[in-house]
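File shown: data14.tsv (TSV, C-alpha atoms and all ligand atoms).
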chain	number	residue	atom	x	y	z
A	141	MET	CA	-66.25	-44.71	-32.40
A	142	ASN	CA	-69.45	-43.43	-30.98
A	143	LEU	CA	-72.34	-44.54	-33.16
A	144	ARG	CA	-75.01	-42.11	-32.23
A	145	THR	CA	-78.54	-43.36	-32.48
A	146	ARG	CA	-81.34	-41.06	-33.43
A	147	SER	CA	-85.06	-41.39	-33.09
A	148	SER	CA	-87.84	-39.39	-34.61
A	149	ALA	CA	-91.57	-39.65	-35.16
A	150	VAL	CA	-90.84	-41.41	-38.42
A	151	VAL	CA	-88.33	-44.03	-37.41
A	152	GLY	CA	-89.54	-44.57	-33.88
A	153	THR	CA	-87.48	-44.98	-30.78
A	154	ALA	CA	-85.83	-48.28	-31.65
A	155	ALA	CA	-82.10	-47.97	-31.82
A	156	VAL	CA	-81.17	-47.19	-35.37
A	157	CYS	CA	-77.47	-47.55	-35.93
A	158	LEU	CA	-76.53	-44.99	-38.49
A	159	ILE	CA	-73.88	-46.07	-40.88
A	160	ALA	CA	-72.22	-42.71	-41.07
A	161	SER	CA	-72.59	-41.25	-37.64
A	162	LEU	CA	-70.59	-38.17	-36.79
A	163	ALA	CA	-70.45	-37.72	-33.05
A	164	LEU	CA	-70.20	-33.94	-33.05
A	165	ALA	CA	-71.92	-33.44	-29.78
A	166	THR	CA	-70.41	-35.99	-27.49
A	167	ALA	CA	-67.06	-35.10	-26.10
A	168	SER	CA	-65.95	-38.70	-25.79
A	169	ALA	CA	-67.33	-42.17	-25.54
A	170	GLU	CA	-67.53	-41.67	-21.77
A	171	GLU	CA	-69.82	-38.72	-22.27
A	172	ALA	CA	-72.21	-40.48	-24.63
A	173	ASP	CA	-75.75	-39.53	-23.82
A	174	THR	CA	-77.97	-41.81	-21.83
A	175	GLY	CA	-81.70	-42.02	-21.48
A	176	THR	CA	-82.00	-40.68	-24.98
A	177	ALA	CA	-85.23	-42.37	-25.91
A	178	ARG	CA	-87.05	-41.24	-22.78
A	179	ALA	CA	-85.77	-37.71	-23.13
A	180	ARG	CA	-86.87	-37.54	-26.69
A	181	THR	CA	-90.39	-38.78	-26.03
A	182	THR	CA	-90.82	-35.84	-23.66
A	183	ALA	CA	-88.96	-33.69	-26.09
A	184	GLN	CA	-91.18	-34.49	-29.02
A	185	ALA	CA	-94.24	-33.38	-27.10
A	186	ALA	CA	-92.53	-30.14	-26.14
A	187	HIS	CA	-91.40	-29.69	-29.69
A	188	ALA	CA	-94.92	-30.14	-31.05
A	189	ALA	CA	-96.24	-27.63	-28.55
A	190	ARG	CA	-93.64	-25.09	-29.57
A	191	ALA	CA	-94.38	-25.62	-33.24
A	192	ALA	CA	-98.09	-25.10	-32.66
A	193	GLN	CA	-97.39	-21.78	-30.96
A	194	ALA	CA	-94.98	-20.44	-33.52
A	195	PRO	CA	-96.65	-17.60	-35.39
A	196	GLN	CA	-96.35	-17.17	-39.13
A	197	ALA	CA	-93.78	-19.86	-39.77
A	198	PRO	CA	-92.61	-19.63	-43.38
A	199	GLN	CA	-94.05	-22.46	-45.48
A	200	VAL	CA	-91.25	-24.51	-46.96
A	201	ALA	CA	-90.68	-27.93	-48.51
A	202	LEU	CA	-87.54	-29.98	-49.01
A	203	LYS	CA	-86.85	-31.14	-52.56
A	204	GLU	CA	-84.16	-33.79	-52.87
A	205	VAL	CA	-81.90	-32.77	-55.73
A	206	ALA	CA	-79.06	-35.25	-55.32
A	207	THR	CA	-77.63	-37.99	-53.22
A	208	ALA	CA	-74.04	-37.91	-52.05
A	209	LYS	CA	-71.84	-40.14	-49.97
A	210	ASN	CA	-71.82	-38.51	-46.55
A	211	PRO	CA	-71.90	-34.87	-47.68
A	212	SER	CA	-70.15	-32.69	-45.12
A	213	ALA	CA	-69.95	-29.20	-46.61
A	214	GLY	CA	-71.01	-27.17	-49.63
A	215	THR	CA	-70.32	-23.84	-51.26
A	216	ALA	CA	-71.26	-21.84	-54.34
A	217	GLY	CA	-68.77	-22.27	-57.16
A	218	PRO	CA	-68.18	-20.67	-60.56
A	219	GLY	CA	-71.49	-19.85	-62.24
A	220	GLY	CA	-73.33	-20.22	-58.96
A	221	ALA	CA	-73.40	-24.03	-58.93
A	222	VAL	CA	-73.13	-25.77	-55.58
A	223	TRP	CA	-69.97	-27.75	-54.93
A	224	ILE	CA	-70.38	-30.51	-52.38
A	225	ALA	CA	-67.66	-32.01	-50.18
A	226	GLU	CA	-68.03	-35.65	-49.24
A	227	ARG	CA	-66.55	-36.50	-45.88
A	228	ALA	CA	-64.24	-39.27	-47.09
A	229	GLY	CA	-62.46	-36.81	-49.35
A	230	THR	CA	-64.22	-36.19	-52.65
A	231	VAL	CA	-65.70	-33.00	-54.11
A	232	ARG	CA	-68.52	-33.06	-56.65
A	233	VAL	CA	-70.52	-30.38	-58.43
A	234	LEU	CA	-74.32	-30.26	-58.32
A	235	GLY	CA	-75.97	-30.06	-61.72
A	236	ASP	CA	-79.45	-30.61	-63.10
A	237	GLN	CA	-78.91	-34.37	-62.97
A	238	GLY	CA	-77.53	-34.51	-59.45
A	239	LEU	CA	-73.87	-34.67	-58.58
A	240	GLY	CA	-71.22	-35.13	-61.23
A	241	GLU	CA	-68.12	-37.24	-61.03
A	242	PRO	CA	-65.56	-36.12	-58.43
A	243	VAL	CA	-63.55	-33.05	-59.40
A	244	LEU	CA	-61.20	-33.73	-56.51
A	245	ASP	CA	-60.34	-36.88	-54.56
A	246	ILE	CA	-58.12	-36.69	-51.47
A	247	SER	CA	-59.59	-39.83	-49.92
A	248	GLY	CA	-56.09	-41.28	-49.51
A	249	GLU	CA	-55.09	-38.32	-47.37
A	250	THR	CA	-57.81	-38.25	-44.75
A	251	THR	CA	-59.76	-40.53	-42.45
A	252	THR	CA	-63.32	-40.48	-41.16
A	253	ASP	CA	-62.76	-41.69	-37.62
A	254	GLY	CA	-64.06	-39.54	-34.79
A	255	GLU	CA	-65.18	-36.28	-36.31
A	256	ARG	CA	-62.55	-36.23	-38.99
A	257	GLY	CA	-62.63	-36.03	-42.76
A	258	LEU	CA	-63.03	-33.41	-45.46
A	259	LEU	CA	-64.86	-30.78	-43.42
A	260	GLY	CA	-64.93	-27.55	-45.41
A	261	ILE	CA	-64.61	-26.08	-48.90
A	262	ALA	CA	-64.59	-22.48	-50.11
A	263	PHE	CA	-63.87	-20.28	-53.10
A	264	ASP	CA	-62.39	-16.85	-52.93
A	265	GLN	CA	-64.56	-14.02	-54.20
A	266	ASP	CA	-63.53	-14.13	-57.86
A	267	PHE	CA	-63.45	-17.94	-57.98
A	268	SER	CA	-59.76	-17.93	-58.85
A	269	HIS	CA	-58.83	-20.15	-55.89
A	270	PHE	CA	-60.47	-23.10	-54.18
A	271	TYR	CA	-59.74	-24.13	-50.61
A	272	ILE	CA	-60.26	-27.40	-48.81
A	273	SER	CA	-60.23	-27.99	-45.05
A	274	PHE	CA	-59.59	-31.50	-43.84
A	275	THR	CA	-57.92	-33.55	-41.17
A	276	ASP	CA	-54.91	-35.42	-42.49
A	277	ARG	CA	-54.08	-39.01	-41.62
A	278	GLU	CA	-52.57	-37.88	-38.32
A	279	GLY	CA	-55.65	-35.80	-37.56
A	280	THR	CA	-53.97	-32.46	-38.21
A	281	SER	CA	-56.35	-29.78	-39.42
A	282	THR	CA	-55.14	-28.68	-42.85
A	283	VAL	CA	-56.24	-25.95	-45.26
A	284	ASP	CA	-54.97	-26.33	-48.82
A	285	GLU	CA	-55.38	-24.10	-51.86
A	286	PHE	CA	-55.82	-24.82	-55.57
A	287	ALA	CA	-55.79	-22.32	-58.39
A	288	VAL	CA	-58.95	-22.40	-60.53
A	289	GLU	CA	-58.91	-21.75	-64.25
A	290	ASP	CA	-61.99	-21.85	-66.47
A	291	GLY	CA	-63.90	-23.26	-63.54
A	292	LYS	CA	-61.50	-26.18	-63.10
A	293	LEU	CA	-59.13	-26.98	-60.26
A	294	GLN	CA	-55.46	-26.97	-61.24
A	295	PRO	CA	-54.00	-29.89	-59.26
A	296	GLY	CA	-50.40	-28.85	-59.89
A	297	THR	CA	-50.96	-25.57	-58.05
A	298	ARG	CA	-51.95	-27.17	-54.77
A	299	ARG	CA	-50.26	-25.78	-51.69
A	300	THR	CA	-50.82	-25.97	-47.96
A	301	VAL	CA	-51.92	-22.69	-46.42
A	302	LEU	CA	-52.31	-23.55	-42.74
A	303	THR	CA	-52.10	-26.53	-40.43
A	304	GLN	CA	-53.00	-27.06	-36.79
A	305	THR	CA	-52.24	-30.21	-34.87
A	306	GLN	CA	-55.15	-31.67	-32.93
A	307	PRO	CA	-54.78	-33.28	-29.51
A	308	TYR	CA	-57.98	-35.32	-29.91
A	309	ALA	CA	-60.09	-36.64	-32.77
A	310	ASN	CA	-63.16	-34.53	-32.00
A	311	HIS	CA	-63.98	-30.80	-32.10
A	312	ASN	CA	-62.01	-30.04	-35.21
A	313	GLY	CA	-64.32	-27.34	-36.43
A	314	GLY	CA	-63.09	-27.20	-39.99
A	315	ASP	CA	-65.51	-24.87	-41.74
A	316	ILE	CA	-63.89	-22.28	-44.01
A	317	ARG	CA	-65.38	-19.30	-45.80
A	318	PHE	CA	-64.38	-15.99	-47.30
A	319	GLY	CA	-65.84	-12.96	-45.62
A	320	PRO	CA	-67.19	-9.90	-47.41
A	321	ASP	CA	-63.78	-8.35	-46.65
A	322	GLY	CA	-62.08	-10.84	-48.96
A	323	TYR	CA	-60.24	-12.66	-46.17
A	324	LEU	CA	-60.38	-16.35	-45.41
A	325	TYR	CA	-62.02	-17.30	-42.12
A	326	ILE	CA	-61.20	-20.68	-40.61
A	327	ALA	CA	-63.10	-22.22	-37.69
A	328	LEU	CA	-61.16	-24.44	-35.31
A	329	GLY	CA	-62.63	-26.33	-32.36
A	330	ASP	CA	-61.12	-26.42	-28.90
A	331	GLY	CA	-59.04	-29.52	-29.64
A	332	GLY	CA	-61.50	-32.01	-28.30
A	333	SER	CA	-61.94	-34.53	-25.52
A	334	GLY	CA	-64.57	-32.99	-23.22
A	335	GLY	CA	-64.76	-29.82	-21.17
A	336	ASP	CA	-61.78	-28.17	-22.90
A	337	PRO	CA	-59.15	-29.87	-20.70
A	338	HIS	CA	-56.33	-27.64	-21.98
A	339	GLY	CA	-58.30	-24.41	-21.61
A	340	ASN	CA	-57.83	-23.61	-25.28
A	341	GLY	CA	-61.06	-21.66	-25.70
A	342	GLN	CA	-59.86	-18.73	-23.57
A	343	ASN	CA	-56.15	-19.07	-24.43
A	344	LEU	CA	-55.16	-16.55	-27.08
A	345	GLY	CA	-51.83	-18.33	-27.48
A	346	THR	CA	-53.37	-21.17	-29.48
A	347	LEU	CA	-55.42	-21.30	-32.65
A	348	LEU	CA	-57.67	-23.96	-31.14
A	349	GLY	CA	-61.14	-22.82	-30.09
A	350	LYS	CA	-60.95	-19.83	-32.42
A	351	LEU	CA	-62.22	-18.27	-35.59
A	352	LEU	CA	-59.20	-17.26	-37.67
A	353	ARG	CA	-58.90	-14.57	-40.33
A	354	ILE	CA	-56.05	-14.71	-42.82
A	355	ASP	CA	-55.14	-13.46	-46.28
A	356	PRO	CA	-53.93	-16.49	-48.26
A	357	SER	CA	-53.08	-14.44	-51.34
A	358	GLY	CA	-51.09	-11.84	-49.41
A	359	GLY	CA	-48.13	-13.97	-48.40
A	360	ASP	CA	-46.53	-17.38	-48.37
A	361	PRO	CA	-48.16	-19.35	-46.97
A	362	TYR	CA	-50.45	-16.47	-45.98
A	363	ALA	CA	-50.51	-12.96	-44.56
A	364	VAL	CA	-52.25	-11.73	-41.45
A	365	PRO	CA	-54.50	-8.73	-42.13
A	366	ALA	CA	-53.02	-5.68	-40.42
A	367	ASP	CA	-56.32	-4.93	-38.71
A	368	ASN	CA	-56.73	-8.32	-37.05
A	369	PRO	CA	-57.67	-7.64	-33.43
A	370	PHE	CA	-54.65	-9.17	-31.67
A	371	VAL	CA	-51.75	-8.26	-33.96
A	372	ASP	CA	-50.37	-5.88	-31.33
A	373	ASP	CA	-50.67	-8.38	-28.48
A	374	PRO	CA	-47.44	-10.39	-28.16
A	375	GLU	CA	-49.23	-13.02	-26.06
A	376	ALA	CA	-51.86	-13.70	-28.70
A	377	ARG	CA	-51.76	-15.41	-32.07
A	378	ASP	CA	-52.15	-12.84	-34.82
A	379	GLU	CA	-54.47	-15.05	-36.88
A	380	ILE	CA	-57.25	-14.95	-34.28
A	381	TRP	CA	-60.41	-13.08	-35.19
A	382	ALA	CA	-62.69	-14.34	-32.41
A	383	TYR	CA	-62.31	-16.78	-29.52
A	384	GLY	CA	-64.10	-18.72	-26.81
A	385	LEU	CA	-65.51	-21.28	-29.23
A	386	ARG	CA	-65.97	-24.96	-28.51
A	387	ASN	CA	-66.73	-26.56	-31.83
A	388	PRO	CA	-67.80	-23.92	-34.35
A	389	TRP	CA	-68.92	-26.58	-36.78
A	390	LYS	CA	-70.52	-24.24	-39.32
A	391	PHE	CA	-70.50	-20.48	-39.74
A	392	SER	CA	-71.58	-18.07	-42.45
A	393	PHE	CA	-71.81	-14.44	-43.44
A	394	ASP	CA	-75.20	-12.96	-44.27
A	395	SER	CA	-74.90	-12.22	-47.99
A	396	GLY	CA	-77.30	-9.32	-47.49
A	397	THR	CA	-75.73	-7.58	-44.50
A	398	GLY	CA	-72.30	-9.14	-44.01
A	399	ASP	CA	-73.13	-10.11	-40.43
A	400	LEU	CA	-71.36	-13.19	-39.07
A	401	LEU	CA	-73.28	-16.14	-37.64
A	402	ILE	CA	-71.66	-19.12	-35.92
A	403	GLY	CA	-73.26	-22.34	-34.79
A	404	ASP	CA	-71.18	-23.47	-31.80
A	405	VAL	CA	-71.84	-27.01	-30.59
A	406	GLY	CA	-72.38	-27.28	-26.85
A	407	GLN	CA	-70.82	-29.65	-24.36
A	408	SER	CA	-73.80	-31.38	-22.83
A	409	ALA	CA	-76.44	-28.80	-22.11
A	410	TRP	CA	-76.60	-25.73	-24.39
A	411	GLU	CA	-76.38	-25.34	-28.15
A	412	GLU	CA	-75.78	-21.81	-29.36
A	413	ILE	CA	-75.81	-19.37	-32.24
A	414	ASP	CA	-73.30	-16.55	-32.03
A	415	TRP	CA	-73.51	-13.31	-33.97
A	416	ALA	CA	-71.34	-10.33	-34.86
A	417	PRO	CA	-72.25	-7.29	-36.97
A	418	ALA	CA	-70.64	-6.71	-40.34
A	419	ASP	CA	-68.69	-3.76	-38.94
A	420	SER	CA	-67.18	-5.78	-36.09
A	421	LYS	CA	-63.50	-5.17	-35.47
A	422	GLY	CA	-63.12	-8.75	-34.22
A	423	GLY	CA	-61.88	-9.91	-30.85
A	424	GLU	CA	-65.22	-11.23	-29.65
A	425	ASN	CA	-65.02	-13.62	-26.74
A	426	TYR	CA	-67.85	-16.11	-27.13
A	427	GLY	CA	-67.24	-17.53	-23.69
A	428	TRP	CA	-66.18	-21.17	-23.92
A	429	SER	CA	-65.02	-22.83	-21.72
A	430	ALA	CA	-65.89	-20.41	-18.95
A	431	MET	CA	-69.42	-20.37	-20.33
A	432	GLU	CA	-71.66	-22.81	-22.19
A	433	GLY	CA	-74.23	-20.61	-23.83
A	434	ASN	CA	-75.43	-18.14	-21.22
A	435	HIS	CA	-74.46	-20.44	-18.36
A	436	PRO	CA	-71.23	-20.69	-16.36
A	437	PHE	CA	-69.57	-23.97	-17.30
A	438	ARG	CA	-68.37	-26.19	-14.44
A	439	GLY	CA	-68.03	-23.31	-12.00
A	440	GLY	CA	-66.63	-20.91	-14.58
A	441	THR	CA	-66.86	-17.17	-14.13
A	442	GLU	CA	-68.37	-15.16	-16.94
A	443	PRO	CA	-65.61	-13.16	-18.65
A	444	ALA	CA	-66.18	-9.41	-18.54
A	445	ASN	CA	-66.02	-9.27	-22.32
A	446	HIS	CA	-68.25	-12.29	-22.92
A	447	VAL	CA	-70.39	-11.94	-26.02
A	448	PRO	CA	-73.40	-14.12	-25.23
A	449	PRO	CA	-75.13	-16.10	-27.94
A	450	ILE	CA	-78.09	-14.50	-29.67
A	451	HIS	CA	-79.84	-17.85	-29.39
A	452	GLU	CA	-79.43	-20.98	-27.34
A	453	TYR	CA	-81.41	-24.15	-26.79
A	454	ASP	CA	-81.12	-27.02	-24.38
A	455	ARG	CA	-81.18	-30.75	-24.95
A	456	ASN	CA	-84.87	-31.14	-24.09
A	457	GLY	CA	-86.29	-31.63	-27.51
A	458	LEU	CA	-84.53	-29.63	-30.16
A	459	GLY	CA	-81.46	-31.79	-30.54
A	460	CYS	CA	-77.91	-32.14	-29.26
A	461	SER	CA	-75.56	-30.63	-31.85
A	462	VAL	CA	-76.35	-27.36	-33.58
A	463	THR	CA	-75.67	-27.07	-37.32
A	464	GLY	CA	-75.26	-23.43	-38.29
A	465	GLY	CA	-76.80	-22.37	-41.58
A	466	TYR	CA	-77.37	-19.21	-43.59
A	467	VAL	CA	-79.52	-16.15	-43.69
A	468	TYR	CA	-81.88	-16.84	-46.57
A	469	ARG	CA	-81.46	-14.32	-49.39
A	470	GLY	CA	-83.03	-16.30	-52.22
A	471	ASP	CA	-86.19	-15.64	-54.23
A	472	LYS	CA	-88.03	-18.95	-54.15
A	473	VAL	CA	-89.45	-18.59	-50.65
A	474	PRO	CA	-90.36	-14.92	-50.04
A	475	GLY	CA	-91.59	-15.63	-46.51
A	476	LEU	CA	-88.16	-16.90	-45.55
A	477	GLN	CA	-86.36	-13.77	-46.71
A	478	GLY	CA	-83.95	-12.55	-44.06
A	479	HIS	CA	-84.43	-15.55	-41.78
A	480	TYR	CA	-81.39	-17.36	-40.44
A	481	VAL	CA	-82.00	-21.03	-41.23
A	482	PHE	CA	-80.28	-23.65	-39.11
A	483	SER	CA	-80.81	-27.14	-37.75
A	484	ASP	CA	-79.41	-29.74	-35.41
A	485	TYR	CA	-77.57	-32.90	-36.34
A	486	CYS	CA	-79.43	-35.03	-33.80
A	487	ASP	CA	-82.89	-33.61	-34.48
A	488	GLY	CA	-82.95	-32.59	-38.13
A	489	THR	CA	-85.83	-30.14	-37.92
A	490	LEU	CA	-85.19	-26.99	-39.91
A	491	ARG	CA	-85.65	-23.87	-37.85
A	492	SER	CA	-85.26	-20.18	-38.48
A	493	LEU	CA	-84.55	-17.04	-36.53
A	494	GLU	CA	-85.56	-13.51	-37.36
A	495	ILE	CA	-82.78	-11.19	-36.21
A	496	GLU	CA	-82.80	-7.42	-35.87
A	497	ASN	CA	-79.66	-5.61	-34.70
A	498	GLY	CA	-78.29	-8.74	-33.13
A	499	LYS	CA	-81.50	-9.61	-31.29
A	500	VAL	CA	-83.72	-12.53	-32.12
A	501	THR	CA	-87.23	-11.22	-32.79
A	502	GLY	CA	-88.81	-14.41	-34.10
A	503	GLU	CA	-88.15	-18.13	-33.85
A	504	HIS	CA	-89.78	-20.67	-36.14
A	505	ASP	CA	-90.07	-24.39	-36.65
A	506	LEU	CA	-90.15	-24.75	-40.42
A	507	GLY	CA	-91.99	-28.06	-40.16
A	508	VAL	CA	-89.63	-30.11	-42.30
A	509	ASN	CA	-86.90	-32.54	-41.31
A	510	GLY	CA	-83.61	-32.73	-43.18
A	511	GLY	CA	-82.34	-35.94	-41.57
A	512	GLU	CA	-78.85	-35.90	-40.09
A	513	VAL	CA	-78.36	-32.26	-40.96
A	514	VAL	CA	-74.64	-31.75	-41.00
A	515	SER	CA	-74.38	-28.68	-43.21
A	516	PHE	CA	-76.16	-26.16	-45.38
A	517	ALA	CA	-75.01	-24.74	-48.69
A	518	GLN	CA	-75.99	-21.55	-50.49
A	519	ASP	CA	-75.96	-21.33	-54.29
A	520	GLY	CA	-75.19	-18.29	-56.40
A	521	ASP	CA	-78.83	-17.21	-56.31
A	522	GLY	CA	-79.01	-17.38	-52.53
A	523	GLU	CA	-81.10	-20.56	-52.48
A	524	LEU	CA	-80.31	-22.94	-49.64
A	525	TYR	CA	-79.55	-26.64	-49.65
A	526	VAL	CA	-79.63	-29.04	-46.73
A	527	LEU	CA	-76.95	-31.69	-46.47
A	528	ASP	CA	-77.91	-34.90	-44.67
A	529	LEU	CA	-74.86	-36.90	-43.66
A	530	GLY	CA	-76.91	-39.98	-44.57
A	531	GLY	CA	-76.73	-38.85	-48.22
A	532	SER	CA	-79.56	-36.53	-49.22
A	533	VAL	CA	-78.91	-33.11	-50.67
A	534	SER	CA	-82.16	-31.17	-50.62
A	535	ARG	CA	-83.13	-27.67	-51.68
A	536	ILE	CA	-85.42	-25.52	-49.56
A	537	ASP	CA	-88.41	-24.78	-51.79
A	538	PRO	CA	-91.74	-23.09	-51.18
A	539	ALA	CA	-94.37	-25.47	-49.79
B	601	CA	CA	-70.42	-19.38	-26.21
Since I need it in another form, could you write the structure as structure tokens?
Ligand SMILES: [Ca+2]
Amino acid sequence: MNLRTRSSAVVGTAAVCLIASLALATASAEEADTGTARARTTAQAAHAARAAQAPQAPQVALKEVATAKNPSAGTAGPGGAVWIAERAGTVRVLGDQGLGEPVLDISGETTTDGERGLLGIAFDQDFSHFYISFTDREGTSTVDEFAVEDGKLQPGTRRTVLTQTQPYANHNGGDIRFGPDGYLYIALGDGGSGGDPHGNGQNLGTLLGKLLRIDPSGGDPYAVPADNPFVDDPEARDEIWAYGLRNPWKFSFDSGTGDLLIGDVGQSAWEEIDWAPADSKGGENYGWSAMEGNHPFRGGTEPANHVPPIHEYDRNGLGCSVTGGYVYRGDKVPGLQGHYVFSDYCDGTLRSLEIENGKVTGEHDLGVNGGEVVSFAQDGDGELYVLDLGGSVSRIDPA
């Protein structure tokens, strides 16, 4: 297992072995980064310079509201409360006194080696069903469903909706979320190793390296929406909504506009944010593994239908593994309204993008660090929470 070390202005450049490292960025042990400390010293100076130049950065603070054991995902549940997934397999609900006792424990059914574990949770729109996304003990990506009654999971109703075997332990994706159209979207990575050795990203015959769109309530185990983009293509899997993704670790829909935003973790050079408008018909090709960000990957040729990222950043200062977030639609921080908030697992600085019609019009360093930022969560009021794999769950408050 690759224990990634991280340095920052606070902890210094000494190697700090993190207990719960999640090597999202490195393709394999062989591709572990080198010269990290030197790169980051340069990077921190560049970072500071960028921050100084950023105009009108929203003023925010991080308020720790709970501690969890390796939180990996979060979602708004019944009544607007945030439900938190812990990587080893538990789910707990955030209340005024922090996290409650587990409402679900599948820790006997998953492992946390590589990039595995309980990786995603979601409710459908009327909170009548709860979904979990995890790798099973063989590493197979699995999405299961529970009925919810009176805000409580009904264990006896559990059923498996979708599975996908994984050739390697990394790049599982695993985030799940209902879109404004009422369908369940499932992000799957390219299968892992490094450099997409099986060419899954551009292969429409596999679910790996894709964003899927299914209707779990429309069939057994699910139905494919009739307007999915590839249902008439016999060579393509009907579940595919978008493709050319490497490790779409976190994605979200803007609760104000319905636009889709995906944080796709890069191979070794470019981290990216992908975007699609709410009225997209699907079928976007985000490029991997012909492209890494805006750049041909290992001699790749840019596909004619490549949808380039709306934002990319390199490894010179801002991190090494993008963590997609949410467009802020809360009330607590008016200056953050409409900004897409995201971070990076290796860097932890919260950043935001202003986006107009799919173009980034502003980029901000929010001046706070969330630690090993592995996920964000949005509560029923649109307020955002930052999940640090090291354990902190923090709310983004006004400064
Ligand atoms: Ca891409």
Contacts of ligand CA 601 (chain B), 10 Å or closer, all atoms listed in the file, given as a VMD selection string = chain A and resid 341 383 to 388 402 to 406 410 to 414 425 to 436 446 to 450 452
Skip Glu249 (chain A) itself and residues of its chain fewer than 5 positions away, then list as a list of chain:residue names all residues within 9 Å of it, counting all atoms listed in the file.
-> A:Gly229, A:Phe274, A:Thr275, A:Asp276, A:Arg277
Interatomic distance between CA of Asp330 (chain A) and CA of Leu352 (chain A)?
->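 Going from CA of Asp330 (chain A) over to CA of Leu352 (chain A) covers 12.8 Å.
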Leaving out Gly522 (chain A) and any residue of its chain fewer than 5 positions from it, which residues lie within 7 Å of it when counting only C-alpha atoms, given as a VMD selection string?
-> chain A and resid 468 to 470
Please produce a file of the residues just selected, as a PDB file, in the frame of the given file, where the atoms kept are C-alpha atoms.
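Saved result, result-v6.pdb, follows:
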ATOM      1  CA  TYR A 468     -81.880 -16.840 -46.570  1.00  0.00           C
ATOM      2  CA  ARG A 469     -81.460 -14.320 -49.390  1.00  0.00           C
ATOM      3  CA  GLY A 470     -83.030 -16.300 -52.220  1.00  0.00           C
TER       4      GLY A 470
END
What lies within 9 Å of region 292-298 of chain A using only C-alpha atoms, ignoring chain neighbours under 2 positions off, as a PyMOL selection string?
-> chain A and resi 243-244+269-270+284-290+300
Residues within 7 Å of region 485-492 of chain A, all atoms listed in the file, excluding chain neighbours under 3 positions, as a CSV table (one decimal) with C-alpha atoms, in the coordinates of the input:
chain,number,residue,atom,x,y,z
A,146,ARG,CA,-81.3,-41.1,-33.4
A,458,LEU,CA,-84.5,-29.6,-30.2
A,459,GLY,CA,-81.5,-31.8,-30.5
A,460,CYS,CA,-77.9,-32.1,-29.3
A,461,SER,CA,-75.6,-30.6,-31.8
A,462,VAL,CA,-76.4,-27.4,-33.6
A,463,THR,CA,-75.7,-27.1,-37.3
A,479,HIS,CA,-84.4,-15.6,-41.8
A,480,TYR,CA,-81.4,-17.4,-40.4
A,481,VAL,CA,-82.0,-21.0,-41.2
A,482,PHE,CA,-80.3,-23.6,-39.1
A,503,GLU,CA,-88.2,-18.1,-33.8
A,504,HIS,CA,-89.8,-20.7,-36.1
A,505,ASP,CA,-90.1,-24.4,-36.6
A,506,LEU,CA,-90.2,-24.8,-40.4
A,507,GLY,CA,-92.0,-28.1,-40.2
A,508,VAL,CA,-89.6,-30.1,-42.3
A,509,ASN,CA,-86.9,-32.5,-41.3
A,510,GLY,CA,-83.6,-32.7,-43.2
A,511,GLY,CA,-82.3,-35.9,-41.6
A,512,GLU,CA,-78.8,-35.9,-40.1
A,513,VAL,CA,-78.4,-32.3,-41.0
A,514,VAL,CA,-74.6,-31.8,-41.0
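Minimum atom-to-atom distances from A:Asn310, A:Lys350, A:Leu302, A:Gly520 to Phe263 (chain A) were compared using all atoms listed in the file, and the lowest value belongs to A:Gly520.
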Work out how far apart CA of Thr305 (chain A) and CA of Glu278 (chain A) are and give it in Å to one decimal.
-> 8.4 Å
Report the distance between CA of His311 (chain A) and CA of Gly464 (chain A) in Å, rounded to one decimal place.
->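 That distance, rounded to one decimal, is 14.8 Å.
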Residue nearest Glu375 (chain A) - candidates A:Arg353, A:Ser395, A:Asn343, A:Ser333, atoms counted: only C-alpha atoms =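 Closest to Glu375 (chain A), using only C-alpha atoms: A:Asn343.
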Excluding same-chain residues fewer than 2 positions from Gly332 (chain A), what lies within 12 Å of it counting all atoms listed in the file, as number ranges by chain?
-> A: 163-168, 254-256, 279, 305-313, 328-330, 334-341, 348-349, 385-388, 405-407, 429
Kindly provide the residues of region 464-533 of chain A that approach region 209-222 of chain A to within 6 Å, each paired with its closest atom pair and their distance in Å to one decimal, based on only C-alpha atoms, listed by chain and increasing number, as JSON lines.
{"residue": "A:Ser515", "atom": "CA", "partner": "A:Ala213", "partner_atom": "CA", "distance": 5.6}
{"residue": "A:Ala517", "atom": "CA", "partner": "A:Gly214", "partner_atom": "CA", "distance": 4.8}
{"residue": "A:Asp519", "atom": "CA", "partner": "A:Ala216", "partner_atom": "CA", "distance": 4.7}
{"residue": "A:Gly520", "atom": "CA", "partner": "A:Gly220", "partner_atom": "CA", "distance": 3.7}
{"residue": "A:Leu529", "atom": "CA", "partner": "A:Asn210", "partner_atom": "CA", "distance": 4.5}
{"residue": "A:Gly530", "atom": "CA", "partner": "A:Asn210", "partner_atom": "CA", "distance": 5.7}
{"residue": "A:Gly531", "atom": "CA", "partner": "A:Asn210", "partner_atom": "CA", "distance": 5.2}
How would you write as a ChimeraX atom specification the residues that get within 10 Å of (-76.6, -36.4, -57.2) in the file's frame, counting all atoms listed in the file?
-> /A:204-209,224,232-241,531-533
Could you check which of A:Ala376, A:Ala225, A:Ala327, A:Ile495 is closest to Ala416 (chain A), using all atoms listed in the file?
->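 That would be A:Ile495, the residue with the smallest distance to Ala416 (chain A).
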